[in-house]
Amino acid sequence: MSDHSSSSNYLVAAAALSALIGVAVGGYGAHGLNANESLTSMWETGVTYQIWHALGAFAASWLASTREAHTRKIVTAGGWCLVLGSLSFSGSLYFFIIDGIFPFPMLAPIGGTVMMLGWGGIVYGALRRR
C-alpha cells in the first residue's frame, strides 16, 4: 500500500468517525439535551459544522487521489484541518453547553480558523490541474 493510500484511508476513517460522533451528538441534542432554546441552537450549530466538515474531509480525500504529490499533500492536510478544526470548534460548544464553561476559551475560534485553512487547502487543490 502506498503512503498516499494509507494516509487517505486514515483521513476517510477520521471523517467517518467525526460524522458518526456528529450523528450521535445530534441525536442526544434532539432527544436528551435539557437546555434552553439558545443553548439548543448552539448545540445544533456544533452538530451542523461537525457533519458538514466531515463530508468536506471525504471530498478532500477524493480530490487528493486525483492530484500529484505536492498538491495531494496540501489537499490531504486541508481534509485533516476540516476534521480537527470541526472537532475543536464543535467540541468546545458541546462542553460549554453541558458544563457551562469553556475549558479552553480560544478553542472554538482556533477550530474555526483551522477549518478555514482546510477549505483553503481544498480550494488550492481544486484550482491546480494535477
# chains A, B, ... in the order shown; residues from 1 in each chain; ligands from 1

call {"tool": "select_by_dssp", "arguments": {"residues": "chain A", "states": "helix (DSSP H, G or I)", "output": "JSON, numbers by chain"}}
result
{"A": [3, 4, 5, 6, 7, 8, 9, 10, 11, 12, 13, 14, 15, 16, 17, 18, 19, 20, 21, 22, 23, 24, 25, 26, 27, 28, 29, 30, 31, 37, 38, 39, 40, 41, 42, 43, 44, 45, 46, 47, 48, 49, 50, 51, 52, 53, 54, 55, 56, 57, 58, 59, 60, 61, 62, 63, 64, 69, 70, 71, 72, 73, 74, 75, 76, 77, 78, 79, 80, 81, 82, 83, 84, 85, 86, 87, 88, 89, 90, 91, 92, 93, 94, 95, 96, 97, 98, 99, 107, 108, 109, 110, 111, 112, 113, 114, 115, 116, 117, 118, 119, 120, 121, 122, 123, 124, 125, 126, 127]}

call {"tool": "closest_residue", "arguments": {"among": "A:Thr40, A:Gln50, A:Ser6, A:Thr71", "to": "Leu127 in chain A", "atoms": "only C-alpha atoms"}}
result
A:Thr71

call {"tool": "closest_atom_pairs", "arguments": {"of": "range 11-93 of chain A", "to": "range 103-107 of chain A", "cutoff": "8 Å", "atoms": "only C-alpha atoms", "output": "CSV"}}
result
residue,atom,partner,partner_atom,distance
A:Ser88,CA,A:Leu107,CA,6.0
A:Phe89,CA,A:Leu107,CA,6.3
A:Ser92,CA,A:Leu107,CA,6.3

call {"tool": "residues_around", "arguments": {"residues": "Ala77 in chain A", "least_positions_apart": "2", "cutoff": "9 Å", "atoms": "only C-alpha atoms", "output": "list in words"}}
result
Ala60, Arg72, Lys73, Ile74, Val75, Gly79, Trp80, Cys81, Leu82, Gly118, Gly121 and Ile122 of chain A

call {"tool": "closest_residue", "arguments": {"among": "A:Trp62, A:Trp43, A:Trp52, A:Phe102", "to": "Ser86 in chain A", "atoms": "only C-alpha atoms"}}
result
A:Trp52

call {"tool": "closest_residue", "arguments": {"among": "A:Ala35, A:Val47, A:Ala13, A:Ile21", "to": "Ile98 in chain A", "atoms": "only C-alpha atoms"}}
result
A:Ala35

call {"tool": "atom_distance", "arguments": {"atom1": "CA of His70 in chain A", "atom2": "CA of Gly120 in chain A"}}
result
15.0 Å

call {"tool": "closest_residue", "arguments": {"among": "A:Arg129, A:Ala30, A:Ala108, A:Ser41", "to": "Gly91 in chain A", "atoms": "only C-alpha atoms"}}
result
A:Ala108

call {"tool": "atom_distance", "arguments": {"atom1": "CA of Leu93 in chain A", "atom2": "CA of Met42 in chain A"}}
result
7.0 Å

call {"tool": "decode", "arguments": {"residues": "chain A", "atoms": "C-alpha atoms", "output": "tab-separated table (two decimals), in the first residue's frame"}}
result
chain	number	residue	atom	x	y	z
A	1	MET	CA	0.00	0.00	0.00
A	2	SER	CA	1.38	3.42	-0.91
A	3	ASP	CA	1.85	6.19	1.63
A	4	HIS	CA	-0.97	8.08	-0.08
A	5	SER	CA	-3.40	5.16	0.21
A	6	SER	CA	-2.62	4.76	3.89
A	7	SER	CA	-2.90	8.50	4.55
A	8	SER	CA	-6.14	8.67	2.57
A	9	ASN	CA	-7.60	5.70	4.46
A	10	TYR	CA	-6.84	7.36	7.79
A	11	LEU	CA	-8.46	10.60	6.65
A	12	VAL	CA	-11.57	8.76	5.45
A	13	ALA	CA	-11.73	6.85	8.76
A	14	ALA	CA	-11.35	10.07	10.76
A	15	ALA	CA	-14.02	11.79	8.67
A	16	ALA	CA	-16.39	8.85	9.12
A	17	LEU	CA	-15.74	8.80	12.87
A	18	SER	CA	-16.39	12.54	13.07
A	19	ALA	CA	-19.67	12.10	11.16
A	20	LEU	CA	-20.65	9.17	13.42
A	21	ILE	CA	-19.99	11.28	16.51
A	22	GLY	CA	-21.93	14.15	14.93
A	23	VAL	CA	-24.96	11.93	14.38
A	24	ALA	CA	-24.74	10.57	17.94
A	25	VAL	CA	-24.35	14.03	19.47
A	26	GLY	CA	-27.14	15.36	17.25
A	27	GLY	CA	-29.43	12.56	18.44
A	28	TYR	CA	-28.57	13.37	22.04
A	29	GLY	CA	-29.29	17.04	21.38
A	30	ALA	CA	-32.68	16.22	19.83
A	31	HIS	CA	-33.81	13.70	22.44
A	32	GLY	CA	-31.82	14.03	25.64
A	33	LEU	CA	-30.41	17.52	26.00
A	34	ASN	CA	-32.21	19.55	28.61
A	35	ALA	CA	-31.29	23.10	27.61
A	36	ASN	CA	-32.96	26.38	26.73
A	37	GLU	CA	-33.59	27.40	23.13
A	38	SER	CA	-30.39	29.46	22.84
A	39	LEU	CA	-28.16	26.61	24.03
A	40	THR	CA	-30.04	24.09	21.89
A	41	SER	CA	-29.41	26.31	18.87
A	42	MET	CA	-25.71	26.46	19.77
A	43	TRP	CA	-25.68	22.63	20.06
A	44	GLU	CA	-27.26	22.34	16.61
A	45	THR	CA	-24.62	24.69	15.19
A	46	GLY	CA	-21.89	22.43	16.55
A	47	VAL	CA	-23.52	19.33	15.04
A	48	THR	CA	-24.07	21.04	11.69
A	49	TYR	CA	-20.46	22.21	11.45
A	50	GLN	CA	-19.17	18.81	12.51
A	51	ILE	CA	-21.14	16.85	9.92
A	52	TRP	CA	-20.59	19.27	7.02
A	53	HIS	CA	-16.86	19.37	7.69
A	54	ALA	CA	-16.71	15.57	7.90
A	55	LEU	CA	-18.27	15.50	4.42
A	56	GLY	CA	-15.73	18.06	3.29
A	57	ALA	CA	-12.93	15.80	4.53
A	58	PHE	CA	-14.35	12.96	2.42
A	59	ALA	CA	-14.29	15.30	-0.58
A	60	ALA	CA	-10.69	16.29	0.24
A	61	SER	CA	-9.67	12.64	0.29
A	62	TRP	CA	-11.24	12.09	-3.11
A	63	LEU	CA	-9.71	15.27	-4.57
A	64	ALA	CA	-6.29	14.33	-3.19
A	65	SER	CA	-6.49	11.00	-5.00
A	66	THR	CA	-6.72	12.88	-8.32
A	67	ARG	CA	-3.70	15.13	-7.74
A	68	GLU	CA	0.08	14.79	-7.89
A	69	ALA	CA	2.27	14.57	-4.78
A	70	HIS	CA	2.69	18.22	-3.74
A	71	THR	CA	-0.93	19.20	-4.31
A	72	ARG	CA	-2.14	15.89	-2.82
A	73	LYS	CA	-0.30	16.70	0.42
A	74	ILE	CA	-1.87	20.15	0.65
A	75	VAL	CA	-5.38	18.83	-0.04
A	76	THR	CA	-4.93	15.97	2.45
A	77	ALA	CA	-3.72	18.45	5.07
A	78	GLY	CA	-6.81	20.51	4.27
A	79	GLY	CA	-9.00	17.49	4.94
A	80	TRP	CA	-7.30	16.91	8.28
A	81	CYS	CA	-7.81	20.58	9.14
A	82	LEU	CA	-11.54	20.17	8.50
A	83	VAL	CA	-11.77	17.15	10.81
A	84	LEU	CA	-9.61	18.54	13.62
A	85	GLY	CA	-10.96	22.08	13.35
A	86	SER	CA	-14.57	20.94	13.46
A	87	LEU	CA	-13.95	18.67	16.43
A	88	SER	CA	-12.24	21.55	18.25
A	89	PHE	CA	-14.95	24.05	17.37
A	90	SER	CA	-17.93	21.77	17.95
A	91	GLY	CA	-16.39	20.04	20.95
A	92	SER	CA	-15.87	23.34	22.73
A	93	LEU	CA	-19.55	24.21	22.14
A	94	TYR	CA	-20.67	20.80	23.47
A	95	PHE	CA	-18.55	21.19	26.62
A	96	PHE	CA	-19.86	24.71	27.21
A	97	ILE	CA	-23.47	23.61	26.89
A	98	ILE	CA	-23.02	20.61	29.18
A	99	ASP	CA	-20.70	22.18	31.80
A	100	GLY	CA	-21.45	25.89	31.45
A	101	ILE	CA	-17.77	26.73	30.97
A	102	PHE	CA	-15.30	26.88	28.12
A	103	PRO	CA	-12.41	24.76	29.43
A	104	PHE	CA	-10.21	26.23	26.68
A	105	PRO	CA	-11.76	29.60	25.79
A	106	MET	CA	-9.91	30.02	22.48
A	107	LEU	CA	-10.63	26.51	21.19
A	108	ALA	CA	-13.75	27.50	19.22
A	109	PRO	CA	-12.13	30.39	17.33
A	110	ILE	CA	-8.95	28.38	16.75
A	111	GLY	CA	-11.06	25.48	15.47
A	112	GLY	CA	-12.91	27.86	13.15
A	113	THR	CA	-9.64	29.23	11.82
A	114	VAL	CA	-8.30	25.72	11.24
A	115	MET	CA	-11.48	24.83	9.32
A	116	MET	CA	-10.98	27.89	7.10
A	117	LEU	CA	-7.38	26.83	6.44
A	118	GLY	CA	-8.70	23.40	5.49
A	119	TRP	CA	-11.11	24.84	2.96
A	120	GLY	CA	-8.29	26.97	1.62
A	121	GLY	CA	-6.18	23.85	1.03
A	122	ILE	CA	-9.05	22.26	-0.83
A	123	VAL	CA	-9.55	25.38	-2.96
A	124	TYR	CA	-5.84	25.32	-3.81
A	125	GLY	CA	-6.06	21.66	-4.84
A	126	ALA	CA	-9.21	22.20	-6.85
A	127	LEU	CA	-7.62	25.00	-8.86
A	128	ARG	CA	-4.48	23.04	-9.65
A	129	ARG	CA	-4.67	20.96	-12.82
A	130	ARG	CA	-2.91	17.98	-11.25
